[in-house]
Amino acid sequence: MTAAPAATIAEEDRLRADLYNFLGLILSNPPDEMLLEQTASLSGDDTPLGQGITTLAKMAKVTKPKTVTAEYNALFIGLGRGELLPYASYYMTGFLNEKPLAALRQDMTRQGLARAETVFEPEDNIASLMEMMGALIVGRFGTPADLGQQRDFFNKHIAPWAGHFFNDLEGAKGSVFYAPVGRIGQAFMEVETEAFRLS
């Protein structure tokens, strides 16, 4: 008996998934020395997305883990709460743990996605959603999602608020290292929105 051949993922889709995963990684925790070094080696082109990547690479070259940890904590954790609340429910309703989270949990169940047992944050945080989108594209937890499934997930759970969040991240008072992350996210959301609209 031979195993079924792995699904072929187009290079463009692999790159999309990589960018979603990178955003998920860099927004889930402050980057350590290794991630900062990897980020410093990135290069971008003259597009808004590429310019954001170039700026972030330059920032990563001169940023120490201790500095970016303090920035991350001020932005997302804070005393009581950080400067930003990176949750779909908050951006879409003004409150945490609302209908957008319930709808996401239903869709996660349908897609075979589940929150890791070591994660205690609500699933509608930006880092988790970026990771889920990357996983759907390449089929990390099953069959890769087709374009229609990707578009539906994006339009329902990401498009209504992620651009606003990334804009807020770029302009946040405490954003230094994370300002170009906001620029990258915002540009990427615009590209994805337009690509899904044209599909």
# chains A, B, ... in the order shown; residues from 1 in each chain; ligands from 1

$ residues_around --residues "segment 179-189 of chain A" --least-positions-apart "5" --cutoff "8 Å" --atoms "only C-alpha atoms" --output "ChimeraX atom specification"
/A:23,48-50,52-53,55-56,159,162-172

$ write_last_selection --atoms "C-alpha atoms" --output "PDB file, in the first residue's frame"
ATOM      1  CA  LEU A  23       3.292  37.443  11.301  1.00  0.00           C
ATOM      2  CA  PRO A  48       4.708  48.868   0.262  1.00  0.00           C
ATOM      3  CA  LEU A  49       4.951  45.281   1.558  1.00  0.00           C
ATOM      4  CA  GLY A  50       8.594  44.987   0.475  1.00  0.00           C
ATOM      5  CA  GLY A  52       7.963  47.248   5.305  1.00  0.00           C
ATOM      6  CA  ILE A  53      10.062  44.074   5.211  1.00  0.00           C
ATOM      7  CA  THR A  55      12.515  48.445   7.375  1.00  0.00           C
ATOM      8  CA  LEU A  56      11.800  45.552   9.751  1.00  0.00           C
ATOM      9  CA  ALA A 159     -10.705  41.154   6.720  1.00  0.00           C
ATOM     10  CA  ALA A 162      -6.996  43.032  10.828  1.00  0.00           C
ATOM     11  CA  GLY A 163      -6.167  46.035   8.626  1.00  0.00           C
ATOM     12  CA  HIS A 164      -7.379  48.362  11.403  1.00  0.00           C
ATOM     13  CA  PHE A 165      -5.320  46.479  13.965  1.00  0.00           C
ATOM     14  CA  PHE A 166      -2.152  46.620  11.836  1.00  0.00           C
ATOM     15  CA  ASN A 167      -2.722  50.337  11.234  1.00  0.00           C
ATOM     16  CA  ASP A 168      -3.054  50.858  15.008  1.00  0.00           C
ATOM     17  CA  LEU A 169       0.089  48.777  15.570  1.00  0.00           C
ATOM     18  CA  GLU A 170       2.095  50.899  13.131  1.00  0.00           C
ATOM     19  CA  GLY A 171       0.928  54.110  14.792  1.00  0.00           C
ATOM     20  CA  ALA A 172       0.946  52.984  18.432  1.00  0.00           C
TER      21      ALA A 172
END

$ select_by_dssp --residues "segment 59-186 of chain A" --states "helix (DSSP H, G or I)" --output "compact mmCIF listing (two decimals) with N, CA, C and O atoms, in the first residue's frame"
# COMPACT_ATOMS: atom_id res chain seq x y z
N MET A 59 15.51 47.19 11.47
CA MET A 59 15.21 47.30 12.90
C MET A 59 15.74 46.08 13.65
O MET A 59 16.29 46.19 14.74
N ALA A 60 15.56 44.89 13.05
CA ALA A 60 15.98 43.65 13.71
C ALA A 60 17.49 43.62 13.91
O ALA A 60 17.98 43.05 14.89
N LYS A 61 18.25 44.25 12.99
CA LYS A 61 19.71 44.28 13.10
C LYS A 61 20.18 45.04 14.33
O LYS A 61 21.24 44.75 14.89
N VAL A 62 19.40 46.05 14.75
CA VAL A 62 19.84 46.92 15.85
C VAL A 62 19.02 46.74 17.13
O VAL A 62 19.20 47.48 18.09
N PRO A 65 16.92 41.45 22.17
CA PRO A 65 15.73 40.75 22.68
C PRO A 65 15.10 41.43 23.90
O PRO A 65 13.88 41.52 24.00
N LYS A 66 15.93 41.95 24.81
CA LYS A 66 15.41 42.59 26.02
C LYS A 66 14.57 43.83 25.67
O LYS A 66 13.52 44.07 26.26
N THR A 67 15.05 44.60 24.69
CA THR A 67 14.35 45.81 24.27
C THR A 67 13.00 45.47 23.63
O THR A 67 11.98 46.09 23.94
N VAL A 68 13.01 44.48 22.73
CA VAL A 68 11.76 44.14 22.04
C VAL A 68 10.79 43.45 22.97
O VAL A 68 9.57 43.59 22.83
N THR A 69 11.28 42.76 24.00
CA THR A 69 10.40 42.16 25.00
C THR A 69 9.66 43.25 25.78
O THR A 69 8.45 43.16 26.01
N ALA A 70 10.39 44.30 26.16
CA ALA A 70 9.76 45.42 26.88
C ALA A 70 8.71 46.10 26.00
O ALA A 70 7.61 46.44 26.46
N GLU A 71 9.03 46.28 24.71
CA GLU A 71 8.07 46.88 23.78
C GLU A 71 6.83 46.00 23.62
O GLU A 71 5.70 46.49 23.66
N TYR A 72 7.05 44.71 23.44
CA TYR A 72 5.95 43.76 23.27
C TYR A 72 5.02 43.81 24.49
O TYR A 72 3.80 43.88 24.36
N ASN A 73 5.62 43.78 25.68
CA ASN A 73 4.83 43.81 26.91
C ASN A 73 4.02 45.09 27.03
O ASN A 73 2.85 45.05 27.42
N ALA A 74 4.62 46.23 26.68
CA ALA A 74 3.90 47.51 26.74
C ALA A 74 2.75 47.54 25.73
O ALA A 74 1.67 48.05 26.03
N LEU A 75 2.99 47.00 24.56
CA LEU A 75 1.96 47.03 23.51
C LEU A 75 0.81 46.08 23.79
O LEU A 75 -0.35 46.43 23.60
N PHE A 76 1.13 44.85 24.23
CA PHE A 76 0.10 43.80 24.26
C PHE A 76 -0.27 43.29 25.65
O PHE A 76 -1.28 42.61 25.80
N ILE A 77 0.55 43.56 26.66
CA ILE A 77 0.27 43.00 27.99
C ILE A 77 0.02 44.13 28.99
O ILE A 77 -1.07 44.26 29.53
N ALA A 88 -10.16 39.93 17.54
CA ALA A 88 -11.26 40.22 16.60
C ALA A 88 -12.49 40.71 17.35
O ALA A 88 -13.12 41.69 16.93
N SER A 89 -12.86 40.05 18.45
CA SER A 89 -14.06 40.44 19.20
C SER A 89 -13.98 41.90 19.62
O SER A 89 -14.95 42.65 19.50
N TYR A 90 -12.82 42.30 20.12
CA TYR A 90 -12.67 43.68 20.60
C TYR A 90 -12.79 44.67 19.44
O TYR A 90 -13.50 45.67 19.55
N TYR A 91 -12.11 44.39 18.35
CA TYR A 91 -12.16 45.31 17.21
C TYR A 91 -13.54 45.35 16.56
O TYR A 91 -13.96 46.39 16.05
N MET A 92 -14.25 44.24 16.56
CA MET A 92 -15.53 44.17 15.85
C MET A 92 -16.74 44.54 16.73
O MET A 92 -17.77 44.95 16.20
N THR A 93 -16.61 44.39 18.06
CA THR A 93 -17.77 44.67 18.93
C THR A 93 -17.45 45.65 20.07
O THR A 93 -18.37 46.15 20.71
N LYS A 99 -19.39 37.49 19.96
CA LYS A 99 -19.84 36.66 18.83
C LYS A 99 -18.74 36.31 17.83
O LYS A 99 -18.71 35.18 17.33
N PRO A 100 -17.83 37.25 17.49
CA PRO A 100 -16.78 36.86 16.53
C PRO A 100 -15.95 35.67 17.02
O PRO A 100 -15.55 34.82 16.22
N LEU A 101 -15.71 35.57 18.32
CA LEU A 101 -14.96 34.44 18.87
C LEU A 101 -15.78 33.16 18.77
O LEU A 101 -15.26 32.11 18.38
N ALA A 102 -17.07 33.23 19.08
CA ALA A 102 -17.94 32.05 18.99
C ALA A 102 -18.01 31.55 17.54
O ALA A 102 -17.91 30.34 17.29
N ALA A 103 -18.14 32.48 16.59
CA ALA A 103 -18.19 32.10 15.17
C ALA A 103 -16.88 31.46 14.73
O ALA A 103 -16.87 30.48 13.98
N LEU A 104 -15.76 32.02 15.20
CA LEU A 104 -14.45 31.46 14.87
C LEU A 104 -14.31 30.04 15.41
O LEU A 104 -13.85 29.14 14.71
N ARG A 105 -14.74 29.83 16.65
CA ARG A 105 -14.64 28.49 17.24
C ARG A 105 -15.45 27.47 16.44
O ARG A 105 -15.01 26.34 16.25
N GLN A 106 -16.62 27.87 15.97
CA GLN A 106 -17.43 26.96 15.14
C GLN A 106 -16.69 26.63 13.84
O GLN A 106 -16.62 25.47 13.44
N ASP A 107 -16.11 27.65 13.20
CA ASP A 107 -15.38 27.41 11.95
C ASP A 107 -14.12 26.60 12.18
O ASP A 107 -13.75 25.78 11.35
N MET A 108 -13.46 26.82 13.31
CA MET A 108 -12.27 26.02 13.64
C MET A 108 -12.63 24.55 13.75
O MET A 108 -11.92 23.69 13.25
N THR A 109 -13.75 24.26 14.42
CA THR A 109 -14.20 22.88 14.57
C THR A 109 -14.46 22.26 13.20
O THR A 109 -14.04 21.13 12.92
N ARG A 110 -15.14 23.02 12.33
CA ARG A 110 -15.44 22.53 10.97
C ARG A 110 -14.16 22.26 10.18
O ARG A 110 -14.10 21.33 9.40
N GLN A 111 -13.12 23.08 10.40
CA GLN A 111 -11.86 22.95 9.66
C GLN A 111 -10.90 21.95 10.31
O GLN A 111 -9.82 21.70 9.79
N ILE A 126 -4.82 38.11 16.95
CA ILE A 126 -4.25 38.28 15.62
C ILE A 126 -3.20 37.22 15.31
O ILE A 126 -3.15 36.70 14.19
N ALA A 127 -2.37 36.88 16.28
CA ALA A 127 -1.31 35.89 16.04
C ALA A 127 -1.91 34.53 15.66
O ALA A 127 -1.47 33.89 14.70
N SER A 128 -2.93 34.10 16.40
CA SER A 128 -3.56 32.81 16.12
C SER A 128 -4.24 32.81 14.75
O SER A 128 -4.16 31.83 14.02
N LEU A 129 -4.90 33.90 14.41
CA LEU A 129 -5.59 33.97 13.12
C LEU A 129 -4.60 33.94 11.95
O LEU A 129 -4.86 33.31 10.93
N MET A 130 -3.46 34.62 12.11
CA MET A 130 -2.44 34.58 11.06
C MET A 130 -1.92 33.14 10.90
O MET A 130 -1.77 32.64 9.79
N GLU A 131 -1.70 32.47 12.03
CA GLU A 131 -1.21 31.09 12.00
C GLU A 131 -2.26 30.15 11.37
O GLU A 131 -1.92 29.27 10.58
N MET A 132 -3.53 30.35 11.72
CA MET A 132 -4.59 29.51 11.15
C MET A 132 -4.67 29.69 9.63
O MET A 132 -4.83 28.71 8.89
N MET A 133 -4.56 30.93 9.18
CA MET A 133 -4.66 31.18 7.74
C MET A 133 -3.49 30.51 7.02
O MET A 133 -3.70 29.86 5.97
N GLY A 134 -2.29 30.62 7.57
CA GLY A 134 -1.14 29.94 6.98
C GLY A 134 -1.34 28.43 6.94
O GLY A 134 -1.02 27.77 5.94
N ALA A 135 -1.91 27.88 8.01
CA ALA A 135 -2.15 26.42 8.09
C ALA A 135 -3.19 25.98 7.06
O ALA A 135 -3.03 24.93 6.43
N LEU A 136 -4.24 26.78 6.87
CA LEU A 136 -5.28 26.43 5.90
C LEU A 136 -4.71 26.40 4.47
O LEU A 136 -5.04 25.51 3.69
N ILE A 137 -3.85 27.37 4.16
CA ILE A 137 -3.31 27.47 2.80
C ILE A 137 -2.50 26.23 2.42
O ILE A 137 -2.65 25.70 1.33
N VAL A 138 -1.66 25.76 3.34
CA VAL A 138 -0.79 24.62 3.02
C VAL A 138 -1.33 23.28 3.52
O VAL A 138 -0.74 22.24 3.28
N LEU A 147 -9.28 27.91 -2.73
CA LEU A 147 -9.33 29.37 -2.71
C LEU A 147 -10.63 29.88 -2.11
O LEU A 147 -10.63 30.87 -1.36
N GLY A 148 -11.74 29.21 -2.42
CA GLY A 148 -13.03 29.63 -1.86
C GLY A 148 -13.07 29.52 -0.34
O GLY A 148 -13.55 30.42 0.35
N GLN A 149 -12.53 28.42 0.19
CA GLN A 149 -12.48 28.24 1.65
C GLN A 149 -11.56 29.26 2.30
O GLN A 149 -11.88 29.81 3.35
N GLN A 150 -10.41 29.52 1.66
CA GLN A 150 -9.49 30.54 2.17
C GLN A 150 -10.18 31.91 2.21
O GLN A 150 -10.11 32.63 3.20
N ARG A 151 -10.84 32.25 1.09
CA ARG A 151 -11.52 33.54 0.98
C ARG A 151 -12.60 33.67 2.05
O ARG A 151 -12.71 34.71 2.71
N ASP A 152 -13.39 32.62 2.26
CA ASP A 152 -14.47 32.67 3.26
C ASP A 152 -13.91 32.90 4.66
O ASP A 152 -14.42 33.72 5.42
N PHE A 153 -12.85 32.16 5.00
CA PHE A 153 -12.24 32.30 6.33
C PHE A 153 -11.67 33.70 6.50
O PHE A 153 -11.89 34.37 7.51
N PHE A 154 -10.95 34.17 5.48
CA PHE A 154 -10.33 35.50 5.52
C PHE A 154 -11.40 36.58 5.66
O PHE A 154 -11.32 37.46 6.52
N ASN A 155 -12.43 36.52 4.80
CA ASN A 155 -13.46 37.56 4.80
C ASN A 155 -14.27 37.58 6.09
O ASN A 155 -14.72 38.64 6.53
N LYS A 156 -14.43 36.43 6.70
CA LYS A 156 -15.24 36.35 7.92
C LYS A 156 -14.45 36.73 9.18
O LYS A 156 -14.95 37.46 10.04
N HIS A 157 -13.21 36.25 9.28
CA HIS A 157 -12.49 36.36 10.54
C HIS A 157 -11.30 37.34 10.54
O HIS A 157 -10.82 37.72 11.61
N ALA A 162 -8.46 43.15 10.75
CA ALA A 162 -7.00 43.03 10.83
C ALA A 162 -6.28 44.26 10.27
O ALA A 162 -5.28 44.70 10.83
N GLY A 163 -6.79 44.82 9.17
CA GLY A 163 -6.17 46.03 8.63
C GLY A 163 -6.17 47.17 9.64
O GLY A 163 -5.17 47.90 9.78
N HIS A 164 -7.29 47.32 10.36
CA HIS A 164 -7.38 48.36 11.40
C HIS A 164 -6.37 48.09 12.52
O HIS A 164 -5.70 49.01 13.00
N PHE A 165 -6.28 46.83 12.92
CA PHE A 165 -5.32 46.48 13.96
C PHE A 165 -3.89 46.80 13.52
O PHE A 165 -3.13 47.42 14.26
N PHE A 166 -3.52 46.38 12.30
CA PHE A 166 -2.15 46.62 11.84
C PHE A 166 -1.87 48.12 11.70
O PHE A 166 -0.76 48.58 11.98
N ASN A 167 -2.87 48.89 11.30
CA ASN A 167 -2.72 50.34 11.23
C ASN A 167 -2.48 50.90 12.64
O ASN A 167 -1.60 51.75 12.84
N ASP A 168 -3.25 50.43 13.61
CA ASP A 168 -3.05 50.86 15.01
C ASP A 168 -1.68 50.45 15.52
O ASP A 168 -1.04 51.19 16.27
N LEU A 169 -1.22 49.26 15.13
CA LEU A 169 0.09 48.78 15.57
C LEU A 169 1.20 49.67 15.02
O LEU A 169 2.12 50.04 15.73
N GLU A 170 1.08 50.03 13.74
CA GLU A 170 2.09 50.90 13.13
C GLU A 170 2.14 52.26 13.83
O GLU A 170 3.21 52.80 14.06
N GLY A 171 0.98 52.78 14.20
CA GLY A 171 0.93 54.11 14.79
C GLY A 171 0.93 54.16 16.31
O GLY A 171 0.86 55.24 16.89
N TYR A 178 7.85 47.16 16.35
CA TYR A 178 6.59 46.65 15.82
C TYR A 178 5.91 47.59 14.81
O TYR A 178 4.95 47.19 14.16
N ALA A 179 6.39 48.82 14.66
CA ALA A 179 5.80 49.72 13.66
C ALA A 179 5.90 49.14 12.24
O ALA A 179 4.89 49.08 11.53
N PRO A 180 7.08 48.66 11.80
CA PRO A 180 7.10 48.04 10.46
C PRO A 180 6.35 46.72 10.39
O PRO A 180 5.87 46.35 9.31
N VAL A 181 6.18 46.02 11.51
CA VAL A 181 5.34 44.82 11.51
C VAL A 181 3.91 45.25 11.16
O VAL A 181 3.23 44.61 10.36
N GLY A 182 3.46 46.36 11.74
CA GLY A 182 2.15 46.91 11.41
C GLY A 182 2.04 47.27 9.94
O GLY A 182 1.03 46.99 9.29
N ARG A 183 3.10 47.88 9.40
CA ARG A 183 3.09 48.27 7.98
C ARG A 183 3.02 47.04 7.09
O ARG A 183 2.28 47.01 6.11
N ILE A 184 3.80 46.01 7.43
CA ILE A 184 3.80 44.76 6.65
C ILE A 184 2.40 44.14 6.69
O ILE A 184 1.85 43.75 5.66
N GLY A 185 1.84 44.03 7.89
CA GLY A 185 0.52 43.42 8.04
C GLY A 185 -0.54 44.16 7.26
O GLY A 185 -1.37 43.55 6.57
N GLN A 186 -0.51 45.49 7.35
CA GLN A 186 -1.50 46.31 6.65
C GLN A 186 -1.39 46.11 5.13
O GLN A 186 -2.38 45.89 4.45

$ closest_residue --among "A:Phe22, A:Trp161, A:Glu192, A:Arg81" --to "Leu42 of chain A" --atoms "only C-alpha atoms"
A:Phe22

$ atom_distance --atom1 "atom CA of Gln38 of chain A" --atom2 "atom CA of Phe141 of chain A"
25.7 Å
